[in-house]
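Quick notes on the structure that follows.
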Amino acid sequence: MADFKMPHSGHNKHLCYLINIGMQDRNPAEFKKLVKDCKYVCKKCGRAAAKPRNLCKPVKL
């Protein structure tokens, strides 16, 4: 298996990555903290998060 390189710094904390690795199933309580009371949406994938650091291209709602 080839080494996986993140597309940009901090991507390992973004919802698109976390959902792809199954965080919502493995750790639903932590996942809920990231999305509860969403204030930002990602222009790239459309996911919503409480903090901009959890999205690739955040835009304030």
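The chains in the structure tokens are called A, B, ... from first to last as shown; in each chain the residues are counted from 1, and the ligands are counted from 1 in the order shown.
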
Region 45-49 of chain A: which residues within 9 Å, counting only C-alpha atoms, same-chain residues fewer than 5 positions away excluded, as a ChimeraX atom specification?
/A:15-16,33-40,54-58,61

Take the residues just selected and output them with C-alpha atoms as an mmCIF file, in the first residue's frame.
```cif
data_model
loop_
_atom_site.group_PDB
_atom_site.id
_atom_site.type_symbol
_atom_site.label_atom_id
_atom_site.label_comp_id
_atom_site.auth_asym_id
_atom_site.auth_seq_id
_atom_site.Cartn_x
_atom_site.Cartn_y
_atom_site.Cartn_z
ATOM 1 C CA LEU A 15 -14.806 16.533 8.311
ATOM 2 C CA CYS A 16 -14.333 15.212 4.776
ATOM 3 C CA LYS A 33 -19.082 17.924 19.062
ATOM 4 C CA LEU A 34 -17.638 18.923 15.674
ATOM 5 C CA VAL A 35 -21.006 19.441 13.991
ATOM 6 C CA LYS A 36 -23.244 20.618 16.850
ATOM 7 C CA ASP A 37 -24.385 24.235 16.457
ATOM 8 C CA CYS A 38 -22.807 24.555 13.005
ATOM 9 C CA LYS A 39 -21.617 28.007 12.051
ATOM 10 C CA TYR A 40 -19.595 27.171 8.910
ATOM 11 C CA ASN A 54 -12.764 21.357 10.608
ATOM 12 C CA LEU A 55 -13.444 22.248 6.960
ATOM 13 C CA CYS A 56 -11.234 22.608 3.875
ATOM 14 C CA LYS A 57 -12.869 25.783 2.531
ATOM 15 C CA PRO A 58 -15.046 27.200 5.328
ATOM 16 C CA LEU A 61 -23.299 30.557 7.579
#
```

When DSSP works through the backbone of this structure, what residues of chain A end up as strand (DSSP E), shown as a PyMOL selection string? chain A and resi 40-42+48-49+58-60
